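Below is the file upload-v4.cif, which contains mmCIF, C-alpha atoms.
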```
data_my_file
#
loop_
_atom_site.label_atom_id
_atom_site.label_comp_id
_atom_site.auth_asym_id
_atom_site.auth_seq_id
_atom_site.Cartn_x
_atom_site.Cartn_y
_atom_site.Cartn_z
CA MET D 1 -4.79 -18.76 -12.18
CA PHE D 2 -6.18 -15.59 -10.69
CA LEU D 3 -9.96 -15.46 -10.67
CA ALA D 4 -11.26 -11.95 -10.73
CA LYS D 5 -14.75 -11.16 -11.86
CA SER D 6 -15.58 -8.34 -9.50
CA GLU D 7 -14.07 -4.93 -9.95
CA TYR D 8 -12.51 -5.24 -6.52
CA LEU D 9 -10.53 -8.39 -7.29
CA GLN D 10 -9.51 -7.00 -10.65
CA LYS D 11 -7.95 -4.05 -8.86
CA ILE D 12 -6.16 -6.40 -6.49
CA LYS D 13 -4.88 -8.38 -9.44
CA LYS D 14 -3.54 -5.28 -11.11
CA ILE D 15 -1.73 -4.25 -7.96
CA ALA D 16 -0.37 -7.76 -7.46
CA ASP D 17 0.96 -7.78 -11.03
CA MET D 18 2.73 -4.50 -10.39
CA CYS D 19 4.15 -5.77 -7.07
CA LYS D 20 5.49 -8.76 -8.96
CA GLU D 21 7.24 -6.57 -11.47
CA LEU D 22 8.52 -4.00 -9.00
CA LYS D 23 9.59 -6.70 -6.51
CA ILE D 24 8.07 -5.06 -3.50
CA SER D 25 7.78 -6.44 0.03
CA VAL D 26 4.11 -6.70 0.88
CA TYR D 27 2.02 -7.55 3.91
CA ILE D 28 -1.30 -9.16 3.01
CA TRP D 29 -4.03 -9.29 5.61
CA GLY D 30 -7.62 -10.40 5.79
CA GLU D 31 -10.02 -12.92 7.27
CA LYS D 32 -9.42 -16.66 7.27
CA GLY D 33 -9.60 -18.23 3.83
CA VAL D 34 -9.69 -15.11 1.67
CA GLY D 35 -6.69 -16.29 -0.31
CA LYS D 36 -3.79 -14.49 1.35
CA THR D 37 -1.20 -17.20 0.77
CA PHE D 38 -2.50 -17.67 -2.76
CA LEU D 39 -1.96 -13.97 -3.47
CA ALA D 40 1.48 -14.12 -1.86
CA LYS D 41 2.42 -17.01 -4.13
CA TYR D 42 1.01 -15.15 -7.10
CA ILE D 43 3.19 -12.14 -6.35
CA SER D 44 6.27 -14.24 -5.80
CA PRO D 45 5.93 -17.68 -7.44
CA ASN D 46 9.38 -19.00 -6.52
CA ALA D 47 9.26 -17.92 -2.91
CA VAL D 48 9.94 -20.27 0.00
CA ILE D 49 7.06 -20.49 2.45
CA ASN D 50 7.95 -20.20 6.16
CA PRO D 51 11.65 -21.00 5.64
CA GLN D 52 13.63 -22.67 8.42
CA LYS D 53 17.02 -21.94 6.87
CA PRO D 54 18.26 -18.75 5.21
CA THR D 55 17.56 -18.71 1.50
CA ILE D 56 18.34 -16.46 -1.42
CA ASN D 57 14.82 -16.80 -2.76
CA PRO D 58 12.06 -14.43 -1.76
CA ILE D 59 10.24 -15.61 1.33
CA ILE D 60 6.61 -15.87 2.35
CA ILE D 61 5.85 -15.77 6.06
CA GLU D 62 2.42 -16.83 7.21
CA ASP D 63 0.70 -15.46 10.34
CA PHE D 64 3.18 -12.63 10.59
CA ASP D 65 0.95 -10.60 12.92
CA LYS D 66 1.34 -13.22 15.64
CA LYS D 67 5.12 -12.97 15.65
CA PRO D 68 6.13 -9.74 13.92
CA SER D 69 9.85 -10.30 13.44
CA ILE D 70 11.95 -11.56 10.59
CA GLU D 71 14.98 -13.75 11.19
CA PHE D 72 16.36 -13.67 7.68
CA LYS D 73 17.46 -10.68 5.70
CA ASN D 74 15.84 -11.22 2.35
CA THR D 75 15.18 -8.44 -0.06
CA ILE D 76 11.68 -9.55 -0.90
CA ILE D 77 9.46 -10.56 1.97
CA ILE D 78 5.80 -11.30 1.61
CA ALA D 79 3.88 -11.91 4.80
CA THR D 80 0.30 -12.72 5.59
CA GLY D 81 -1.82 -12.22 8.68
CA THR D 82 -5.35 -11.73 9.86
CA LYS D 83 -4.92 -8.30 11.40
CA PRO D 84 -3.43 -5.03 10.13
CA LEU D 85 0.06 -4.25 11.38
CA ASN D 86 0.93 -1.14 13.27
CA LYS D 87 2.44 1.55 11.07
CA ASP D 88 5.97 1.38 12.45
CA ILE D 89 6.34 -2.36 12.00
CA LEU D 90 4.78 -2.16 8.56
CA LYS D 91 7.22 0.54 7.49
CA ARG D 92 10.20 -1.29 8.92
CA TYR D 93 9.69 -4.52 7.02
CA PHE D 94 7.35 -3.77 4.15
CA THR D 95 6.58 -1.15 1.58
CA MET D 96 2.84 -1.56 1.71
CA ASP D 97 -0.06 -3.68 2.86
CA ILE D 98 -2.98 -5.12 0.94
CA GLU D 99 -6.25 -5.89 2.64
CA LEU D 100 -8.18 -8.80 1.18
CA LYS D 101 -11.84 -8.34 1.91
CA PRO D 102 -14.07 -11.29 2.84
CA LEU D 103 -16.10 -12.96 0.09
CA LYS D 104 -19.40 -11.53 1.33
CA GLU D 105 -18.20 -8.07 0.33
CA HIS D 106 -17.68 -9.08 -3.29
CA PRO D 107 -20.28 -11.83 -3.86
CA GLU D 108 -19.99 -11.56 -7.65
CA ASP D 109 -16.93 -13.78 -7.43
CA ILE D 110 -18.56 -16.66 -5.54
CA GLU D 111 -19.91 -18.35 -8.66
CA GLU D 112 -16.52 -18.23 -10.37
CA PHE D 113 -14.89 -19.80 -7.35
CA ILE D 114 -17.52 -22.54 -7.17
CA ASN D 115 -16.96 -23.44 -10.82
CA TYR D 116 -13.21 -23.37 -10.37
CA PHE D 117 -13.16 -25.54 -7.25
CA LEU D 118 -15.71 -27.91 -8.71
CA SER D 119 -13.74 -28.60 -11.86
CA LYS D 120 -10.58 -28.91 -9.79
CA ALA D 121 -12.21 -31.36 -7.40
CA GLN D 122 -13.71 -33.37 -10.25
CA LYS D 123 -10.29 -33.75 -11.81
CA GLU D 124 -8.58 -34.52 -8.53
CA LEU D 125 -11.11 -37.03 -7.29
CA LYS D 126 -11.88 -38.40 -10.75
CA ILE D 127 -15.58 -37.97 -10.18
CA ASN D 128 -17.77 -36.97 -13.06
CA LYS D 129 -20.70 -35.84 -11.03
CA ASN D 130 -22.35 -32.48 -11.37
CA ILE D 131 -23.53 -30.81 -8.24
CA LYS D 132 -25.40 -27.61 -7.67
CA ILE D 133 -24.53 -25.36 -4.77
CA SER D 134 -27.56 -23.25 -4.03
CA ASP D 135 -26.48 -22.10 -0.59
CA PRO D 136 -22.72 -21.43 -0.66
CA ASP D 137 -21.07 -21.63 2.74
CA ILE D 138 -18.80 -18.58 3.02
CA SER D 139 -18.51 -18.50 6.80
CA GLU D 140 -14.79 -19.17 6.42
CA ASN D 141 -14.63 -17.71 2.92
CA LEU D 142 -12.89 -19.92 0.37
CA ASN D 143 -11.94 -22.57 2.94
CA SER D 144 -15.52 -23.37 3.82
CA LEU D 145 -16.65 -23.08 0.21
CA LYS D 146 -14.04 -25.58 -0.91
CA ARG D 147 -14.92 -27.92 1.93
CA GLN D 148 -18.60 -27.73 1.00
CA ILE D 149 -17.88 -28.59 -2.64
CA TYR D 150 -15.70 -31.59 -1.78
CA GLN D 151 -18.22 -32.79 0.74
CA GLN D 152 -21.09 -32.66 -1.73
CA LEU D 153 -19.01 -34.29 -4.40
CA LEU D 154 -18.04 -37.17 -2.14
CA PHE D 155 -21.53 -37.57 -0.80
CA PRO D 156 -22.63 -41.22 -1.30
CA GLU D 157 -25.44 -41.60 -3.78
CA LYS D 158 -26.71 -44.99 -2.65
CA LYS D 159 -28.35 -45.72 0.70
CA GLU D 160 -26.22 -48.85 1.07
CA LYS D 161 -23.08 -46.78 1.13
CA ILE D 162 -24.43 -44.62 3.90
CA PHE D 163 -25.24 -47.71 5.94
CA GLU D 164 -21.73 -48.94 5.30
CA LEU D 165 -20.41 -45.67 6.65
CA LEU D 166 -22.74 -45.98 9.59
CA LYS D 167 -21.35 -49.42 10.27
CA GLU D 168 -17.87 -47.94 10.48
CA ILE D 169 -19.12 -45.39 12.93
CA TYR D 170 -20.90 -48.00 15.08
CA LEU D 171 -17.67 -49.94 15.23
CA ASN D 172 -16.09 -46.97 16.94
CA ASN D 173 -18.87 -45.85 19.21
CA HIS D 174 -22.56 -46.33 19.79
CA SER D 175 -25.24 -45.58 22.36
CA THR D 176 -28.21 -47.69 23.39
CA TYR D 177 -30.53 -49.46 20.99
CA GLU D 178 -33.36 -47.10 21.87
CA ASN D 179 -31.32 -43.97 21.31
CA GLU D 180 -29.95 -45.14 17.99
CA LEU D 181 -33.43 -45.98 16.75
CA LYS D 182 -34.74 -42.63 17.94
CA LEU D 183 -32.04 -40.85 15.99
CA PHE D 184 -32.93 -42.80 12.88
CA GLU D 185 -36.65 -42.15 13.27
CA LYS D 186 -36.10 -38.48 13.86
CA THR D 187 -34.02 -38.12 10.71
CA LEU D 188 -36.61 -39.98 8.68
CA PHE D 189 -39.52 -37.92 9.97
CA GLU D 190 -37.70 -34.66 9.46
CA ALA D 191 -36.96 -35.54 5.84
CA MET D 192 -40.55 -36.60 5.25
CA LYS D 193 -41.82 -33.42 6.79
CA ILE D 194 -39.80 -31.38 4.32
CA LYS D 195 -40.86 -33.60 1.42
CA TYR D 196 -44.60 -34.00 2.06
CA GLY D 197 -45.55 -31.36 4.59
CA SER D 198 -48.76 -32.82 6.09
CA LYS D 199 -48.90 -35.69 8.56
CA LEU D 200 -51.71 -37.30 6.59
CA GLN D 201 -49.53 -37.60 3.53
CA ILE D 202 -46.55 -38.85 5.52
CA SER D 203 -48.62 -41.53 7.16
CA GLU D 204 -49.94 -42.64 3.79
CA ARG D 205 -46.52 -42.76 2.17
CA LEU D 206 -44.73 -44.40 5.06
CA LYS D 207 -47.67 -46.77 5.58
CA ILE D 208 -47.93 -46.02 9.26
CA ASN D 209 -50.95 -45.15 11.35
CA ARG D 210 -51.51 -41.40 11.54
CA VAL D 211 -52.09 -41.43 15.29
CA THR D 212 -48.92 -43.41 15.89
CA LEU D 213 -47.02 -41.00 13.65
CA THR D 214 -48.32 -37.95 15.50
CA LYS D 215 -47.42 -39.52 18.84
CA LYS D 216 -43.93 -40.41 17.69
CA MET D 217 -43.29 -37.02 16.13
CA LYS D 218 -44.36 -35.30 19.27
CA ALA D 219 -42.13 -37.49 21.39
CA LEU D 220 -39.18 -36.88 19.08
CA ASN D 221 -39.81 -33.16 18.89
CA VAL D 222 -39.98 -33.03 15.10
CA MET T 1 39.52 42.36 1.52
CA PHE T 2 36.19 41.08 2.84
CA GLU T 3 34.52 41.18 -0.52
CA PHE T 4 35.87 37.75 -1.51
CA TRP T 5 34.28 36.14 1.56
CA CYS T 6 31.02 37.98 1.06
CA GLU T 7 30.95 37.13 -2.63
CA TYR T 8 31.15 33.37 -2.07
CA ASP T 9 29.07 33.15 1.06
CA ILE T 10 26.26 30.59 0.77
CA ASN T 11 23.80 33.03 2.32
CA PRO T 12 22.48 35.72 -0.01
CA LEU T 13 23.68 39.22 0.77
CA ILE T 14 22.08 42.27 -0.87
CA ILE T 15 22.76 45.99 -0.34
CA PHE T 16 20.30 48.61 -1.59
CA ASN T 17 20.57 52.37 -1.84
CA GLN T 18 17.79 54.62 -0.60
CA LYS T 19 15.93 54.45 -3.91
CA GLY T 20 15.72 50.70 -3.81
CA ASN T 21 18.38 50.03 -6.40
CA ILE T 22 20.91 47.28 -5.81
CA VAL T 23 24.38 48.50 -4.94
CA TYR T 24 25.87 45.10 -4.29
CA CYS T 25 24.79 41.48 -4.21
CA ASN T 26 26.82 38.31 -3.88
CA GLN T 27 26.61 35.24 -6.14
CA GLU T 28 24.01 33.45 -4.06
CA ALA T 29 21.86 36.59 -4.05
CA GLU T 30 22.14 36.80 -7.82
CA ILE T 31 20.44 33.42 -8.16
CA PHE T 32 17.86 34.49 -5.62
CA LEU T 33 17.16 37.76 -7.44
CA SER T 34 16.78 36.02 -10.76
CA TYR T 35 13.60 34.46 -9.34
CA ILE T 36 12.36 37.14 -6.98
CA ASN T 37 11.59 40.75 -7.79
CA LYS T 38 13.99 43.14 -6.04
CA LYS T 39 11.11 45.43 -5.11
CA GLU T 40 9.57 42.64 -3.10
CA VAL T 41 12.83 42.22 -1.20
CA PHE T 42 13.24 45.97 -0.69
CA ASP T 43 9.72 46.25 0.69
CA PHE T 44 10.47 43.42 3.08
CA LEU T 45 13.59 45.31 4.24
CA LEU T 46 11.73 48.53 4.89
CA LYS T 47 9.10 46.69 6.83
CA ASN T 48 11.54 44.81 9.03
CA ALA T 49 14.44 47.25 9.35
CA PRO T 50 15.56 48.33 12.83
CA LYS T 51 14.37 51.72 13.96
CA LYS T 52 17.83 53.08 14.68
CA PRO T 53 21.02 52.59 12.63
CA SER T 54 22.17 49.12 13.67
CA ILE T 55 21.81 45.48 12.67
CA LYS T 56 18.70 43.53 13.48
CA THR T 57 18.82 39.76 13.37
CA GLU T 58 15.76 37.61 13.64
CA PHE T 59 15.24 33.88 13.25
CA ARG T 60 11.93 32.95 11.74
CA LYS T 61 10.67 31.24 8.58
CA ILE T 62 10.48 33.59 5.60
CA ASN T 63 9.23 32.54 2.19
CA PHE T 64 9.84 34.17 -1.17
CA LYS T 65 8.09 31.85 -3.63
CA ASP T 66 10.10 28.60 -3.48
CA PHE T 67 12.88 30.11 -1.40
CA GLU T 68 12.70 29.44 2.25
CA PHE T 69 14.95 31.12 4.80
CA ASN T 70 15.40 30.55 8.47
CA GLY T 71 16.12 34.15 9.35
CA TYR T 72 17.71 37.44 8.29
CA SER T 73 19.99 40.28 9.37
CA ILE T 74 18.99 43.76 8.25
CA GLY T 75 21.26 46.64 8.96
CA TYR T 76 22.20 50.22 8.04
CA LYS T 77 24.70 52.83 9.19
CA ASP T 78 23.17 55.89 7.59
CA ASP T 79 20.34 56.80 5.25
CA SER T 80 22.23 56.04 2.05
CA GLN T 81 22.47 52.22 2.17
CA ILE T 82 20.61 49.30 3.67
CA GLY T 83 21.71 45.68 3.55
CA VAL T 84 20.24 42.28 4.20
CA ARG T 85 21.66 38.82 4.68
CA PHE T 86 19.23 35.91 4.54
CA PHE T 87 20.09 32.67 6.29
CA ILE T 88 19.44 29.71 4.10
CA ASN T 89 17.37 26.85 5.35
CA THR T 90 19.82 24.01 5.81
CA ASP T 91 16.90 21.59 6.17
CA THR T 92 16.29 21.48 2.46
CA HIS T 93 19.96 21.02 1.72
CA SER T 94 20.30 17.88 3.75
CA ILE T 95 22.67 15.07 2.94
CA ILE T 96 21.05 12.71 0.51
CA TYR T 97 21.79 9.06 1.09
CA LEU T 98 22.27 6.91 -1.95
CA GLU T 99 21.38 3.51 -0.57
CA LYS T 100 19.68 0.39 -1.87
CA LEU T 101 19.45 1.78 -5.37
CA GLU T 102 17.53 -0.31 -7.87
CA LYS T 103 16.88 0.28 -11.54
CA ILE T 104 13.26 1.12 -12.03
CA ASP T 105 10.86 2.79 -14.40
CA LEU T 106 9.62 5.88 -12.60
CA SER T 107 6.31 5.95 -14.47
CA MET T 108 5.56 2.45 -13.27
CA ILE T 109 6.17 3.41 -9.65
CA ILE T 110 3.84 6.38 -9.99
CA ASN T 111 1.17 4.31 -11.75
CA PHE T 112 1.49 1.75 -9.02
CA THR T 113 1.02 4.44 -6.37
CA VAL T 114 -2.10 5.67 -8.14
CA GLU T 115 -3.59 2.15 -8.32
CA TYR T 116 -2.72 1.34 -4.74
CA MET T 117 -4.03 4.57 -3.32
CA ASN T 118 -7.23 4.17 -5.33
CA LEU T 119 -7.78 0.82 -3.67
CA LYS T 120 -7.28 2.24 -0.19
CA GLN T 121 -9.05 5.55 -0.53
CA ASN T 122 -11.03 7.64 -3.00
CA THR T 123 -8.55 10.02 -4.49
CA LYS T 124 -8.91 11.82 -7.78
CA PHE T 125 -5.62 11.70 -9.64
CA THR T 126 -4.34 13.76 -12.51
CA VAL T 127 -0.99 12.48 -13.72
CA TYR T 128 1.29 13.96 -16.36
CA PHE T 129 4.36 11.94 -17.05
CA ASP T 130 7.41 13.05 -18.99
CA PRO T 131 8.14 10.16 -21.39
CA SER T 132 11.73 11.27 -21.89
CA ILE T 133 12.69 10.18 -18.38
CA PRO T 134 14.80 7.04 -18.69
CA GLU T 135 14.94 4.13 -16.23
CA ILE T 136 16.81 5.33 -13.19
CA TYR T 137 18.45 3.99 -10.07
CA ILE T 138 16.39 4.91 -7.06
CA ASN T 139 15.66 3.74 -3.52
CA LYS T 140 12.28 2.30 -4.38
CA LYS T 141 11.03 1.74 -0.84
CA ALA T 142 11.97 5.24 0.32
CA PHE T 143 10.34 6.80 -2.71
CA LEU T 144 7.13 4.82 -2.34
CA ASP T 145 7.01 5.56 1.41
CA LEU T 146 7.33 9.24 0.60
CA LEU T 147 4.58 9.15 -2.04
CA PHE T 148 2.24 7.23 0.25
CA GLU T 149 2.85 9.69 3.05
CA ILE T 150 2.06 12.65 0.83
CA ILE T 151 -1.02 11.17 -0.82
CA GLU T 152 -2.51 9.58 2.30
CA ASN T 153 -5.97 11.00 3.08
CA GLN T 154 -5.96 13.39 0.12
CA GLU T 155 -9.02 13.89 -2.04
CA LYS T 156 -7.40 15.39 -5.09
CA VAL T 157 -3.85 14.92 -6.26
CA TYR T 158 -2.01 16.32 -9.24
CA ILE T 159 1.28 14.65 -10.18
CA GLU T 160 3.70 15.84 -12.80
CA THR T 161 7.20 14.64 -13.57
CA LYS T 162 9.87 16.45 -15.54
CA ILE T 163 13.60 16.77 -15.95
CA ASN T 164 14.85 20.13 -14.70
CA ILE T 165 16.78 21.56 -17.61
CA GLY T 166 20.10 23.06 -16.63
CA GLU T 167 19.87 22.09 -12.98
CA TYR T 168 22.18 19.58 -11.40
CA ILE T 169 22.77 18.06 -8.02
CA LYS T 170 26.20 17.10 -6.74
CA LEU T 171 26.37 13.84 -4.86
CA ASN T 172 29.51 11.85 -4.05
CA GLN T 173 31.57 14.25 -6.17
CA LYS T 174 29.44 13.56 -9.23
CA LYS T 175 26.96 15.76 -11.00
CA PHE T 176 23.50 14.39 -11.72
CA PRO T 177 20.59 15.98 -13.60
CA ILE T 178 17.48 16.43 -11.50
CA ILE T 179 14.05 14.89 -12.00
CA SER T 180 11.25 16.81 -10.33
CA VAL T 181 8.13 15.05 -9.18
CA ILE T 182 5.64 17.82 -8.59
CA ILE T 183 2.75 16.82 -6.37
CA GLU T 184 0.00 19.35 -5.82
CA THR T 185 -2.37 18.53 -3.01
CA ASN T 186 -4.06 20.07 -0.07
CA LYS T 187 -0.86 20.44 1.94
CA LYS T 188 -1.27 19.23 5.47
CA LYS T 189 2.16 18.47 6.82
CA HIS T 190 5.82 19.28 6.40
CA ILE T 191 7.56 16.34 4.80
CA LYS T 192 11.25 15.49 4.90
CA SER T 193 13.21 12.53 3.62
CA PRO T 194 16.84 11.52 4.06
CA TYR T 195 16.86 10.06 0.55
CA PHE T 196 15.39 12.87 -1.53
CA GLU T 197 15.26 16.60 -1.48
CA VAL T 198 11.66 17.55 -0.78
CA ILE T 199 10.61 21.14 -1.38
CA ASN T 200 7.51 22.00 0.64
CA ASN T 201 5.65 24.88 -0.97
CA LYS T 202 2.17 26.36 -0.80
CA LYS T 203 0.69 24.15 -3.51
CA GLY T 204 2.21 20.95 -2.27
CA TYR T 205 5.54 19.23 -2.64
CA ILE T 206 8.33 18.86 -5.14
CA ILE T 207 10.47 15.76 -4.82
CA GLN T 208 13.84 16.13 -6.48
CA ILE T 209 15.44 12.90 -7.59
CA PRO T 210 18.97 12.60 -8.93
CA LEU T 211 18.92 11.05 -12.38
CA ILE T 212 21.31 8.14 -11.90
CA LYS T 213 21.57 6.04 -15.02
CA GLU T 214 24.59 3.82 -14.52
CA THR T 215 25.40 1.08 -12.09
CA TYR T 216 28.93 2.21 -11.33
CA GLU T 217 27.36 5.23 -9.73
CA ASN T 218 25.48 2.89 -7.48
CA HIS T 219 27.55 3.22 -4.36
CA ASN T 220 27.63 5.35 -1.31
CA THR T 221 31.05 6.36 -0.13
#
```
Take the structure in the file and write it out as structure tokens.
Amino acid sequence: MFLAKSEYLQKIKKIADMCKELKISVYIWGEKGVGKTFLAKYISPNAVINPQKPTINPIIIEDFDKKPSIEFKNTIIIATGTKPLNKDILKRYFTMDIELKPLKEHPEDIEEFINYFLSKAQKELKINKNIKISDPDISENLNSLKRQIYQQLLFPEKKEKIFELLKEIYLNNHSTYENELKLFEKTLFEAMKIKYGSKLQISERLKINRVTLTKKMKALNV
Amino acid sequence: MFEFWCEYDINPLIIFNQKGNIVYCNQEAEIFLSYINKKEVFDFLLKNAPKKPSIKTEFRKINFKDFEFNGYSIGYKDDSQIGVRFFINTDTHSIIYLEKLEKIDLSMIINFTVEYMNLKQNTKFTVYFDPSIPEIYINKKAFLDLLFEIIENQEKVYIETKINIGEYIKLNQKKFPIISVIIETNKKKHIKSPYFEVINNKKGYIIQIPLIKETYENHNT
């Protein structure tokens, strides 16, 4: 499935469809996680990715810019990389190159991708939970977005589960009693600060003396 | 005795009398004169003729519309006749390699070029496609490379395709009709290709493609 809401991706899709039909060798480049391998597979669905042995199928070579040479003589070669190739190498092996722009340059598509990944993750993980992503992480484009969705989906709902996880972590490594408690206190105060704002309210809700709270917060740098 | 050799020479040879009428021209010159006005040629002769009765030969690019020559020899013995022999540009008559031919719809390749170039740059395209052109065997990569090279960094491009009626190209002892891809742009460079005949003219380029329809023609001997 090719998601394309923005005009930009629709153009890419059109070109990819034509490449598919014309059976053209293409070099696809762009930042990490923009969907280069996905596009390569879309153009040539029965291609072998990074083949070790010669094959009659079309081939897809990943990270071509790091090692710009081809060992096998296939008629259709689709390669991906993060940087544009120099003109001579491009002309020798490929007919054309396609640049995939990072997500931040076509933000209209982010919502579509979130919905797509979410429904995919829900099916895969068999979780029927709905999450809302208000601040999509596109630092690594689709990679980070996907990671964020899975993370939020797998996030434990009950406190007990978190403590169970914490137990696992303590089994592996821990620091001193004082440090561990400090960490816990800091997290708690930070959350309360976001939730209630004023120290007076926090002290009331947490049932702790206001002076003690202020002292502790100061010491913990909250 | 020499007339036979002159008649079938590949370089056009024309002899005028003093009034500018043609006394003799060989077969190649006949084709040339069917496109170019003889007065234009005669004026060129008068302008470039040697000052004394002799033969003057010069090598430089001369253009008469689509005809391009690499040089000429103008000569006369007396006042009654003046002759010229143009040297054809062998560049445009290069050997055309028929390699890696694949059956393809030409309109699709051109549409693809338009889409691709529109993604990379802002070019205004006007495309007229002759629907009577069948699917042909063509070296797809070479053709696309050529189109990309021509259209690269152009603001406005006009593309027209047509079959040249009555014109043929002889390749590997076989005659093929010619498809012309006329590309009018702001011409910036001289373009050549070992796979197609490319005519560089003032308005742009004309790519001439042999119309190869059958697979058994798909070999290069």
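When only C-alpha atoms are used to measure the gap to chain D, the shortest distance among T:Phe196, T:Phe64, T:Phe44, T:Phe148 belongs to T:Phe148.
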Please identify all polymer residues within 10 Å of Pro134 of chain T, counting all atoms listed in the file, omitting same-chain residues fewer than 4 positions from it, and present them as a VMD selection string.
-> chain T and resid 104 to 107 130 211 to 213
Neighbours of Met217 of chain D within 8 Å (only C-alpha atoms; same-chain residues fewer than 4 positions away dropped), as a PDB file with C-alpha atoms, keeping the file's coordinate frame?
```
ATOM      1  CA  LYS D 186     -36.100 -38.480  13.860  1.00  0.00           C
ATOM      2  CA  PHE D 189     -39.520 -37.920   9.970  1.00  0.00           C
ATOM      3  CA  LEU D 213     -47.020 -41.000  13.650  1.00  0.00           C
ATOM      4  CA  ASN D 221     -39.810 -33.160  18.890  1.00  0.00           C
ATOM      5  CA  VAL D 222     -39.980 -33.030  15.100  1.00  0.00           C
TER       6      VAL D 222
END
```
Could you tell me which residues the PyMOL selection byres ((chain T) within 7 of (chain D)) grabs in this file, written as a ChimeraX atom specification?
-> /T:112,115-116,141,145
Could you state which residues are captured by the PyMOL selection byres ((chain D and resi 133) around 9) in this file, as a ChimeraX atom specification?
-> /D:114,131-132,134-136,148-149,152
Residues at most 10 Å from Lys199 of chain D, counting all atoms listed in the file, excluding those fewer than 2 positions away in the same chain, as an mmCIF file with C-alpha atoms, in the coordinates of the input?
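After the write, around34.cif holds the following:
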```
data_model
loop_
_atom_site.group_PDB
_atom_site.id
_atom_site.type_symbol
_atom_site.label_atom_id
_atom_site.label_comp_id
_atom_site.auth_asym_id
_atom_site.auth_seq_id
_atom_site.Cartn_x
_atom_site.Cartn_y
_atom_site.Cartn_z
ATOM 1 C CA PHE D 189 -39.520 -37.920 9.970
ATOM 2 C CA MET D 192 -40.550 -36.600 5.250
ATOM 3 C CA LYS D 193 -41.820 -33.420 6.790
ATOM 4 C CA TYR D 196 -44.600 -34.000 2.060
ATOM 5 C CA GLY D 197 -45.550 -31.360 4.590
ATOM 6 C CA GLN D 201 -49.530 -37.600 3.530
ATOM 7 C CA ILE D 202 -46.550 -38.850 5.520
ATOM 8 C CA SER D 203 -48.620 -41.530 7.160
ATOM 9 C CA GLU D 204 -49.940 -42.640 3.790
ATOM 10 C CA ARG D 205 -46.520 -42.760 2.170
ATOM 11 C CA ARG D 210 -51.510 -41.400 11.540
ATOM 12 C CA VAL D 211 -52.090 -41.430 15.290
ATOM 13 C CA LEU D 213 -47.020 -41.000 13.650
ATOM 14 C CA THR D 214 -48.320 -37.950 15.500
ATOM 15 C CA MET D 217 -43.290 -37.020 16.130
#
```
Exercise: Ser69 of chain D partners within 9 Å, only C-alpha atoms, chain neighbours under 4 positions left out, as a PyMOL selection string = chain D and resi 64-65+89+93
Filtering to C-alpha atoms, could you give me those residues as a JSON list (two decimals), in the coordinates of the input?
```json
[["chain", "number", "residue", "atom", "x", "y", "z"],
["D", 64, "PHE", "CA", 3.18, -12.63, 10.59],
["D", 65, "ASP", "CA", 0.95, -10.60, 12.92],
["D", 89, "ILE", "CA", 6.34, -2.36, 12.00],
["D", 93, "TYR", "CA", 9.69, -4.52, 7.02]]
```
Selection result of the PyMOL selection byres ((chain D and resi 75) around 9) on this file, as a PyMOL selection string | chain D and resi 23-25+56-59+73-74+76-77
Print the selection's residues with C-alpha atoms to a file, as a PDB file, keeping the file's coordinate frame.
```pdb
ATOM      1  CA  LYS D  23       9.590  -6.700  -6.510  1.00  0.00           C
ATOM      2  CA  ILE D  24       8.070  -5.060  -3.500  1.00  0.00           C
ATOM      3  CA  SER D  25       7.780  -6.440   0.030  1.00  0.00           C
ATOM      4  CA  ILE D  56      18.340 -16.460  -1.420  1.00  0.00           C
ATOM      5  CA  ASN D  57      14.820 -16.800  -2.760  1.00  0.00           C
ATOM      6  CA  PRO D  58      12.060 -14.430  -1.760  1.00  0.00           C
ATOM      7  CA  ILE D  59      10.240 -15.610   1.330  1.00  0.00           C
ATOM      8  CA  LYS D  73      17.460 -10.680   5.700  1.00  0.00           C
ATOM      9  CA  ASN D  74      15.840 -11.220   2.350  1.00  0.00           C
ATOM     10  CA  ILE D  76      11.680  -9.550  -0.900  1.00  0.00           C
ATOM     11  CA  ILE D  77       9.460 -10.560   1.970  1.00  0.00           C
TER      12      ILE D  77
END
```
List the neighbours of Lys101 of chain D out to 10 Å using all atoms listed in the file; skip same-chain residues closer than 2 positions along the sequence, and give me the result as a list of chain:residue names.
->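 What passes the distance filter is D:Tyr8, D:Leu9, D:Trp29, D:Gly30, D:Glu31, D:Val34, D:Gly35, D:Ile98, D:Glu99, D:Leu103, D:Lys104, D:Glu105, D:His106, D:Asn141.
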What does the distance between atom CA of Phe67 of chain T and atom CA of Lys52 of chain T come to in Å, to one decimal place?
-> 28.5 Å
d(atom CA of Ile165 of chain T, atom CA of Ile109 of chain T) in Å |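 So the two atoms, atom CA of Ile165 of chain T and atom CA of Ile109 of chain T, lie 22.5 Å apart.
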Put a box with edges along x, y and z around all the listed atoms of segment 162-168 of chain D, pad it by 6 Å on each side, then give me its centre and sizes in Å, one decimal, as JSON.
```
{"center_x": -21.6, "center_y": -47.0, "center_z": 7.2, "size_x": 19.4, "size_y": 16.8, "size_z": 18.6}
```
Two-atom distance - atom CA of Glu214 of chain T, atom CA of Arg92 of chain D (Å) |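 For atom CA of Glu214 of chain T relative to atom CA of Arg92 of chain D, the distance reads 28.0 Å.
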Counting all atoms listed in the file, which of D:Lys195, D:Asn128, D:Leu145, D:Ala47 gets nearest to Tyr116 of chain D?
->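 Once distances to Tyr116 of chain D are computed over all atoms listed in the file, the minimum belongs to D:Leu145.
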